[in-house]
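Visitor: If you scroll down you'll find the structure; I have some questions about it.
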Amino acid sequence: MLDSALRKDRLPQAPGVGYKPQHFAQILENPGAVSWLEIHAENYMGDGGRPIAQLRHLAERFPVSVHGVGLSIGGEGGLDADHLGRLKRLIGWLEPASFSEHLAWSSHDSAFLNDLLPLPYTAATLNCVSDHVDEVQDALGRRMLLENPSSYLAFVDSTWSETDFLAEVARRTGCGLLLDVNNVFVSATNLELDPVAYIESFALDLVGEIHLGGHAEDADDHGAPLLIDSHGHPVADPVWDLYSRVIARCGARPTLIEWDNDVPDWDILAAEADRAAMILAGAPA
Amino acid sequence: MTPDQALLHRSIVDPAAPRPDGMIDSAGRPAGRRFDVYRNNVTVSLIEALETAFPVLRKLVGDENFRHLARAFLRRHPPSSPLMLFYGDAMPDFLSGFAPTGQLGYLPDVARLELAMRISYHAADAVPLARSRLEALAPEALWSTHLTLAPSVLVIRSRWPLHAIWRYNVEVGAPRPKPAAEDVIVLRPDYDPVPHCLGPGAATFVDALRAGRTFGEAHDAATDDAPAFDLSATLTLLLAGGAITGIGALP
């Protein structure tokens, strides 16, 4: 506790949770294993009021990770300068321990789609994503983490594997990676890939944060399983198993429990964090 | 070939559009329903954002009707920014031209009020002025001074009983709205915006202060508008709601 109380400039190798305002009082009274918090950047871009006041208060006690969901780093067009400016303002006053975004796009021209949309992995998209990551890191004056997406389909034109693509973006830009283990499981199931092989080919030394979340189950036109990254359920057992493998390979990493929809009571969320803490406790030094 | 993002965008927001080529499952078959996951995510997430943003509107038209209304709205007014805090700001104008709810003429004003509450919620913080600062001024000094209002203060003028409609839908046991025109002011004494019904002329008084006119000018404008304007009651409401944050020359 002393360590995390003193160091707000980096995430501890311990569990954190996605912050939901309904948990404000309980997080402060009874954090349990929860040692840091993550917020969605876009929810804290107002000028004031309760959201900002709560965040200021929590940031005095916990390291905070800012997770963007609107930069559209995988967009074909240029980054939204206004949005980058808003992000810079938030990061400027909050001075969070970490900033991360997604390998996805969500805006086209001036329209925002409010979802993380997929892109093919090609020489052209590699250049585009790398340029955008450079631009973000330059604007914010800090290193960012780039997160692997959940995939429901593949692009005929992709010439890079996702893990190689992410590693190459990181090599070109110096960014770190955010490994979402639920996304790995969802994508592997949906595209009939081996999740363990995915983990083994992932640049684990660049992982600055891990995400664990729940998914929903559906089926495609042919009756094949189609998992949906819903963030509305407990972390599934095979995802915990995969997480254990990751930790066994790369050691303890800051690990977030993500639960954004049908948000449960604090005790349930804290129990998920406890489960992550047990696995982290067994990590190789 | 990979569809460009312009085509993907059009295909995602228009469920009647054909699914683009170039996307497959693991066996190389067309993506089919897999592509629909994105269509569904976009539509459902925006409907949910509107449900959260307009709870009273939703209550007034019912859940099922609200979903239809929200679907029509998001097709016509998709978000134009990743900043979703204020998504739905086109709702009042949209409702003014939305035939299925045309007979409920007060809906646009209800949407205006719910938007105002949201804007107030996220507005910058400001330290309220103590009542004693106002009382310490000699009458002539008060008359020629300017008052600064908190950014969280918003006024909506309505020809409907807007405050009564809002109350009736959020407060158990509130009286049924009776035909009346009501001006509403949203005040945020701490972090929770609260709408209050304004007496005659008070909206003019507040708007004049906000426009940078002196206390005396604002008073005269309010009295011209409504001879029954109650200055004392209006000031009491504003002070209690933390609405006045500065006194003297405008910044």
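A note on labels: chains of the structure tokens are A, B, ... as shown, every chain counts residues from 1, and ligands are counted from 1 in their shown order.
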Among stretch 10-237 of chain B, which ones does DSSP place in alpha helix (DSSP H), written as a ChimeraX atom specification?

Guide: /B:10-13,33-53,55-61,63-76,91-96,107-122,131-135,139-144,162-170,202-210,215-225,231-237

Visitor: Could you please tell me, as JSON, numbers by chain, which residues of chain B have an atom within 7 Å of chain A when using only C-alpha atoms?

Guide: {"B": [1, 2, 5, 6, 9, 22, 23, 24, 25, 26, 31, 32, 33, 34, 41, 42, 78, 79, 80, 81, 82, 83, 85, 121, 122, 123, 124, 125, 191]}

Visitor: Could you write those residues out with N, CA, C and O atoms, as an mmCIF file, in the first residue's frame?

Guide:
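Heads up, here's the output in part_39.cif:
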data_model
loop_
_atom_site.group_PDB
_atom_site.id
_atom_site.type_symbol
_atom_site.label_atom_id
_atom_site.label_comp_id
_atom_site.auth_asym_id
_atom_site.auth_seq_id
_atom_site.Cartn_x
_atom_site.Cartn_y
_atom_site.Cartn_z
ATOM 1 N N MET B 1 -11.220 -7.525 -52.225
ATOM 2 C CA MET B 1 -10.488 -6.305 -51.867
ATOM 3 C C MET B 1 -11.070 -5.725 -50.592
ATOM 4 O O MET B 1 -12.278 -5.785 -50.360
ATOM 5 N N THR B 2 -10.233 -5.130 -49.804
ATOM 6 C CA THR B 2 -10.703 -4.508 -48.579
ATOM 7 C C THR B 2 -11.544 -3.271 -48.910
ATOM 8 O O THR B 2 -11.094 -2.412 -49.657
ATOM 9 N N GLN B 5 -12.826 2.701 -45.602
ATOM 10 C CA GLN B 5 -13.611 2.988 -44.390
ATOM 11 C C GLN B 5 -14.859 3.811 -44.702
ATOM 12 O O GLN B 5 -15.828 3.765 -43.949
ATOM 13 N N ALA B 6 -14.837 4.520 -45.835
ATOM 14 C CA ALA B 6 -16.051 5.251 -46.225
ATOM 15 C C ALA B 6 -17.178 4.254 -46.518
ATOM 16 O O ALA B 6 -18.319 4.427 -46.060
ATOM 17 N N HIS B 9 -18.187 2.439 -43.289
ATOM 18 C CA HIS B 9 -19.002 3.343 -42.491
ATOM 19 C C HIS B 9 -20.452 3.335 -42.991
ATOM 20 O O HIS B 9 -21.392 3.124 -42.217
ATOM 21 N N GLY B 22 -14.786 -8.673 -49.005
ATOM 22 C CA GLY B 22 -13.421 -8.542 -48.500
ATOM 23 C C GLY B 22 -13.267 -8.945 -47.047
ATOM 24 O O GLY B 22 -12.166 -8.903 -46.508
ATOM 25 N N MET B 23 -14.397 -9.347 -46.407
ATOM 26 C CA MET B 23 -14.334 -9.773 -45.010
ATOM 27 C C MET B 23 -14.896 -11.186 -44.903
ATOM 28 O O MET B 23 -15.960 -11.484 -45.460
ATOM 29 N N ILE B 24 -14.188 -12.045 -44.203
ATOM 30 C CA ILE B 24 -14.481 -13.485 -44.231
ATOM 31 C C ILE B 24 -14.423 -14.102 -42.838
ATOM 32 O O ILE B 24 -13.922 -13.487 -41.890
ATOM 33 N N ASP B 25 -14.915 -15.343 -42.761
ATOM 34 C CA ASP B 25 -14.711 -16.133 -41.543
ATOM 35 C C ASP B 25 -13.450 -16.993 -41.727
ATOM 36 O O ASP B 25 -12.742 -16.857 -42.730
ATOM 37 N N SER B 26 -13.192 -17.873 -40.772
ATOM 38 C CA SER B 26 -11.936 -18.630 -40.819
ATOM 39 C C SER B 26 -11.890 -19.614 -41.980
ATOM 40 O O SER B 26 -10.821 -20.038 -42.407
ATOM 41 N N ALA B 31 -18.313 -12.843 -44.446
ATOM 42 C CA ALA B 31 -18.447 -12.626 -42.999
ATOM 43 C C ALA B 31 -19.894 -12.713 -42.513
ATOM 44 O O ALA B 31 -20.153 -13.126 -41.377
ATOM 45 N N GLY B 32 -20.852 -12.317 -43.352
ATOM 46 C CA GLY B 32 -22.262 -12.460 -42.980
ATOM 47 C C GLY B 32 -22.591 -11.809 -41.658
ATOM 48 O O GLY B 32 -22.296 -10.636 -41.423
ATOM 49 N N ARG B 33 -23.185 -12.603 -40.777
ATOM 50 C CA ARG B 33 -23.618 -12.083 -39.471
ATOM 51 C C ARG B 33 -22.488 -11.478 -38.665
ATOM 52 O O ARG B 33 -22.704 -10.673 -37.768
ATOM 53 N N ARG B 34 -21.272 -11.952 -38.948
ATOM 54 C CA ARG B 34 -20.129 -11.434 -38.198
ATOM 55 C C ARG B 34 -19.999 -9.921 -38.408
ATOM 56 O O ARG B 34 -19.632 -9.196 -37.487
ATOM 57 N N ASN B 41 -23.596 -3.272 -32.614
ATOM 58 C CA ASN B 41 -22.904 -2.535 -31.552
ATOM 59 C C ASN B 41 -23.136 -1.038 -31.673
ATOM 60 O O ASN B 41 -23.392 -0.349 -30.676
ATOM 61 N N VAL B 42 -23.011 -0.539 -32.902
ATOM 62 C CA VAL B 42 -23.142 0.901 -33.117
ATOM 63 C C VAL B 42 -24.557 1.352 -32.754
ATOM 64 O O VAL B 42 -24.756 2.287 -31.968
ATOM 65 N N PRO B 78 -26.179 11.086 -36.434
ATOM 66 C CA PRO B 78 -25.135 10.270 -35.797
ATOM 67 C C PRO B 78 -24.173 11.188 -35.044
ATOM 68 O O PRO B 78 -24.103 12.385 -35.345
ATOM 69 N N PRO B 79 -23.446 10.662 -34.069
ATOM 70 C CA PRO B 79 -22.516 11.520 -33.327
ATOM 71 C C PRO B 79 -21.500 12.145 -34.275
ATOM 72 O O PRO B 79 -21.040 11.500 -35.210
ATOM 73 N N SER B 80 -21.170 13.396 -34.030
ATOM 74 C CA SER B 80 -20.208 14.088 -34.883
ATOM 75 C C SER B 80 -18.883 14.281 -34.159
ATOM 76 O O SER B 80 -17.998 14.961 -34.658
ATOM 77 N N SER B 81 -18.750 13.670 -32.991
ATOM 78 C CA SER B 81 -17.523 13.827 -32.210
ATOM 79 C C SER B 81 -17.384 12.635 -31.268
ATOM 80 O O SER B 81 -18.387 12.070 -30.825
ATOM 81 N N PRO B 82 -16.131 12.252 -30.954
ATOM 82 C CA PRO B 82 -15.942 11.182 -29.954
ATOM 83 C C PRO B 82 -16.346 11.629 -28.555
ATOM 84 O O PRO B 82 -16.408 10.805 -27.654
ATOM 85 N N LEU B 83 -16.587 12.914 -28.390
ATOM 86 C CA LEU B 83 -17.047 13.397 -27.090
ATOM 87 C C LEU B 83 -18.546 13.136 -27.008
ATOM 88 O O LEU B 83 -19.351 13.877 -27.556
ATOM 89 N N LEU B 85 -20.412 13.042 -24.305
ATOM 90 C CA LEU B 85 -21.082 13.602 -23.122
ATOM 91 C C LEU B 85 -22.321 14.400 -23.500
ATOM 92 O O LEU B 85 -23.281 14.455 -22.748
ATOM 93 N N TYR B 121 -24.524 19.559 -15.409
ATOM 94 C CA TYR B 121 -23.796 18.523 -14.666
ATOM 95 C C TYR B 121 -22.303 18.574 -14.966
ATOM 96 O O TYR B 121 -21.474 18.385 -14.073
ATOM 97 N N HIS B 122 -21.951 18.823 -16.236
ATOM 98 C CA HIS B 122 -20.543 18.812 -16.648
ATOM 99 C C HIS B 122 -19.923 20.207 -16.675
ATOM 100 O O HIS B 122 -18.772 20.354 -17.073
ATOM 101 N N ALA B 123 -20.688 21.233 -16.293
ATOM 102 C CA ALA B 123 -20.170 22.608 -16.376
ATOM 103 C C ALA B 123 -19.057 22.837 -15.351
ATOM 104 O O ALA B 123 -18.944 22.134 -14.346
ATOM 105 N N ALA B 124 -18.241 23.838 -15.629
ATOM 106 C CA ALA B 124 -17.128 24.165 -14.744
ATOM 107 C C ALA B 124 -17.634 24.525 -13.349
ATOM 108 O O ALA B 124 -18.717 25.090 -13.183
ATOM 109 N N ASP B 125 -16.845 24.194 -12.350
ATOM 110 C CA ASP B 125 -17.179 24.545 -10.970
ATOM 111 C C ASP B 125 -16.940 26.037 -10.748
ATOM 112 O O ASP B 125 -16.094 26.639 -11.394
ATOM 113 N N TYR B 191 -23.256 19.212 -6.825
ATOM 114 C CA TYR B 191 -22.951 18.475 -8.047
ATOM 115 C C TYR B 191 -24.191 17.985 -8.791
ATOM 116 O O TYR B 191 -24.081 17.413 -9.865
#

Visitor: According to DSSP computed on the backbone, where in stretch 77-259 of chain A is there strand (DSSP E or B)? Give the residues as a PyMOL selection string.

Guide: chain A and resi 98-102+105-108+111-117+145-147+154-155+176-180+207-213+216-219+225-228+255-258

Visitor: Mind giving me the straight-line distance from atom CA of A:Trp240 to atom CA of A:Glu209 in Å, one decimal?

Guide: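 Result for atom CA of A:Trp240 versus atom CA of A:Glu209: 15.5 Å, one decimal.
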
Visitor: Can you tell me which residues surround stretch 232-240 of chain B at a distance of at most 8 Å, considering only C-alpha atoms, apart from same-chain residues fewer than 6 positions away, and format the answer as a PDB file with C-alpha atoms, in the first residue's frame?

Guide:
ATOM      1  CA  PRO B 128     -20.869  30.861  -4.984  1.00  0.00           C
ATOM      2  CA  LEU B 129     -21.063  34.393  -3.672  1.00  0.00           C
ATOM      3  CA  ALA B 130     -22.087  34.807  -0.020  1.00  0.00           C
ATOM      4  CA  ARG B 131     -25.403  36.597   0.454  1.00  0.00           C
ATOM      5  CA  LEU B 187     -29.245  25.352 -10.690  1.00  0.00           C
ATOM      6  CA  PRO B 189     -25.765  24.033  -5.768  1.00  0.00           C
ATOM      7  CA  LEU B 198     -39.250  30.693 -12.362  1.00  0.00           C
ATOM      8  CA  GLY B 199     -41.816  33.388 -11.623  1.00  0.00           C
ATOM      9  CA  ALA B 202     -37.324  36.104 -13.780  1.00  0.00           C
TER      10      ALA B 202
END

Visitor: Find the distance between atom CA of B:Ala164 and atom CA of B:Pro177 and write it in Å to one decimal.

Guide: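 So the answer is 5.0 Å.
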
Visitor: For a quick check of understanding, using only C-alpha atoms, which of A:Ile279, A:Ala139, A:Val64, A:Leu94 has the smallest distance to A:Val246?

Guide: A:Ile279

Visitor: What's the separation between atom CA of B:Phe86 and atom CA of A:Leu87, in Å to one decimal place?

Guide: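 Atom-to-atom, atom CA of B:Phe86 to atom CA of A:Leu87, that is 16.5 Å.
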
Visitor: With only C-alpha atoms as the counted atoms, please give the residues lying no more than 10 Å from A:Arg249, apart from itself and same-chain residues fewer than 3 positions off, as a list in words.

Guide: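 Counting only C-alpha atoms, the residues come to Ile199, Glu200, Leu204, Asp205, Tyr243, Ser244, Arg245, Val246, Ala252, Ala283 and Pro284 of chain A.
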
Visitor: Determine, counting only C-alpha atoms, which protein, DNA and RNA residues have an atom within 9 Å of an atom of stretch 10-16 of chain A; residues of the same chain fewer than 2 positions away are not included. Present the result as a PyMOL selection string.

Guide: chain A and resi 3-4+7-8+18-19+33-38+63-65+96-98+208-209+252-258+273-274+276-277+280-281

Visitor: Store the residues of this selection in a file with C-alpha atoms, as a CSV table (one decimal), in the first residue's frame.

Guide:
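File again-v1.csv, as written:
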chain,number,residue,atom,x,y,z
A,3,ASP,CA,4.4,1.8,-2.6
A,4,SER,CA,1.2,2.6,-4.4
A,7,ARG,CA,4.1,6.1,-6.7
A,8,LYS,CA,1.3,7.6,-8.8
A,18,GLY,CA,-12.4,0.1,-14.5
A,19,TYR,CA,-13.8,2.9,-12.4
A,33,ALA,CA,-6.8,-6.1,-3.8
A,34,VAL,CA,-7.6,-3.2,-6.1
A,35,SER,CA,-4.5,-1.0,-6.3
A,36,TRP,CA,-5.2,1.3,-9.3
A,37,LEU,CA,-8.1,2.5,-11.4
A,38,GLU,CA,-8.7,3.0,-15.1
A,63,PRO,CA,-2.5,5.5,-9.6
A,64,VAL,CA,-4.8,6.1,-12.6
A,65,SER,CA,-4.7,4.7,-16.1
A,96,PRO,CA,-1.9,9.6,-15.1
A,97,ALA,CA,0.3,6.6,-14.6
A,98,SER,CA,-0.5,5.3,-18.1
A,208,GLY,CA,2.6,-2.6,-19.9
A,209,GLU,CA,-0.9,-3.6,-18.9
A,252,ALA,CA,3.4,-9.9,-13.0
A,253,ARG,CA,1.9,-7.0,-14.9
A,254,PRO,CA,-0.7,-4.4,-14.0
A,255,THR,CA,-4.0,-6.3,-14.6
A,256,LEU,CA,-7.4,-4.6,-15.2
A,257,ILE,CA,-10.8,-6.1,-14.6
A,258,GLU,CA,-13.0,-4.5,-17.2
A,273,ALA,CA,-9.6,-8.5,-8.7
A,274,ASP,CA,-8.9,-11.0,-5.8
A,276,ALA,CA,-6.2,-11.8,-10.5
A,277,ALA,CA,-4.2,-11.1,-7.3
A,280,LEU,CA,-0.2,-12.5,-9.8
A,281,ALA,CA,1.1,-13.8,-6.5

Visitor: Quick one: residues within 12 Å of B:Ser11, only C-alpha atoms, excluding same-chain residues fewer than 3 positions away - as number ranges by chain?

Guide: A: 113; B: 3-8, 14-21, 35-36, 38-40, 42

Visitor: Within 6 Å of stretch 145-149 of chain A, counting only C-alpha atoms, which residues show up once you throw out same-chain ones fewer than 3 positions away? Write them as an NGL selection string, please.

Guide: :A and (100-103 or 175-179 or 183)

Visitor: How would the residues just picked look written out with N, CA, C and O atoms as a PDB file, in the first residue's frame?

Guide:
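Output file selection_23.pdb is given in full below:
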ATOM      1  N   SER A 100      -3.553   4.553 -22.716  1.00  0.00           N
ATOM      2  CA  SER A 100      -3.664   3.497 -23.723  1.00  0.00           C
ATOM      3  C   SER A 100      -4.822   3.777 -24.672  1.00  0.00           C
ATOM      4  O   SER A 100      -5.764   4.508 -24.335  1.00  0.00           O
ATOM      5  N   GLU A 101      -4.727   3.206 -25.850  1.00  0.00           N
ATOM      6  CA  GLU A 101      -5.783   3.289 -26.870  1.00  0.00           C
ATOM      7  C   GLU A 101      -5.812   1.968 -27.648  1.00  0.00           C
ATOM      8  O   GLU A 101      -5.061   1.048 -27.335  1.00  0.00           O
ATOM      9  N   HIS A 102      -6.686   1.925 -28.649  1.00  0.00           N
ATOM     10  CA  HIS A 102      -6.959   0.659 -29.330  1.00  0.00           C
ATOM     11  C   HIS A 102      -6.432   0.605 -30.760  1.00  0.00           C
ATOM     12  O   HIS A 102      -6.418   1.618 -31.462  1.00  0.00           O
ATOM     13  N   LEU A 103      -6.091  -0.602 -31.196  1.00  0.00           N
ATOM     14  CA  LEU A 103      -5.811  -0.854 -32.606  1.00  0.00           C
ATOM     15  C   LEU A 103      -7.178  -1.048 -33.276  1.00  0.00           C
ATOM     16  O   LEU A 103      -7.680  -2.169 -33.377  1.00  0.00           O
ATOM     17  N   CYS A 175       6.078   2.644 -28.836  1.00  0.00           N
ATOM     18  CA  CYS A 175       4.937   2.483 -27.914  1.00  0.00           C
ATOM     19  C   CYS A 175       5.006   1.131 -27.218  1.00  0.00           C
ATOM     20  O   CYS A 175       5.708   0.226 -27.674  1.00  0.00           O
ATOM     21  N   GLY A 176       4.276   1.002 -26.120  1.00  0.00           N
ATOM     22  CA  GLY A 176       4.125  -0.283 -25.461  1.00  0.00           C
ATOM     23  C   GLY A 176       2.826  -0.932 -25.912  1.00  0.00           C
ATOM     24  O   GLY A 176       2.087  -0.378 -26.741  1.00  0.00           O
ATOM     25  N   LEU A 177       2.532  -2.101 -25.375  1.00  0.00           N
ATOM     26  CA  LEU A 177       1.323  -2.816 -25.768  1.00  0.00           C
ATOM     27  C   LEU A 177       0.449  -3.097 -24.559  1.00  0.00           C
ATOM     28  O   LEU A 177       0.936  -3.273 -23.443  1.00  0.00           O
ATOM     29  N   LEU A 178      -0.838  -3.102 -24.801  1.00  0.00           N
ATOM     30  CA  LEU A 178      -1.812  -3.514 -23.795  1.00  0.00           C
ATOM     31  C   LEU A 178      -2.373  -4.848 -24.293  1.00  0.00           C
ATOM     32  O   LEU A 178      -2.945  -4.895 -25.390  1.00  0.00           O
ATOM     33  N   LEU A 179      -2.176  -5.884 -23.524  1.00  0.00           N
ATOM     34  CA  LEU A 179      -2.647  -7.215 -23.934  1.00  0.00           C
ATOM     35  C   LEU A 179      -3.994  -7.491 -23.281  1.00  0.00           C
ATOM     36  O   LEU A 179      -4.073  -7.681 -22.066  1.00  0.00           O
ATOM     37  N   ASN A 183      -9.812 -10.458 -25.256  1.00  0.00           N
ATOM     38  CA  ASN A 183      -9.846 -10.232 -26.701  1.00  0.00           C
ATOM     39  C   ASN A 183      -9.113 -11.348 -27.444  1.00  0.00           C
ATOM     40  O   ASN A 183      -9.540 -11.763 -28.524  1.00  0.00           O
TER      41      ASN A 183
END

Visitor: From the options B:Phe205, B:Phe98, B:Phe215, B:Trp166, which residue's atoms come nearest to B:Arg112, counting only C-alpha atoms?

Guide: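 That would be B:Trp166, the residue with the smallest distance to B:Arg112.
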
Visitor: Which residue, B:Pro100, B:Gly88, B:Ala218, B:Leu46, has the smallest gap to B:Leu69 when you use only C-alpha atoms?

Guide: B:Pro100

Visitor: Tell me which of A:Leu126, A:Leu84, A:Val235, A:Val66 sits closest to A:Val181, counting only C-alpha atoms.

Guide: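 For A:Val181, the nearest of the given residues is A:Val235.
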
Visitor: Have a look at A:His67, A:Leu140, A:Gln22, A:Gly214 and name the one nearest to A:Gly85; count only C-alpha atoms.

Guide: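 Looking only at the distances to A:Gly85, the closest residue turns out to be A:Leu140.
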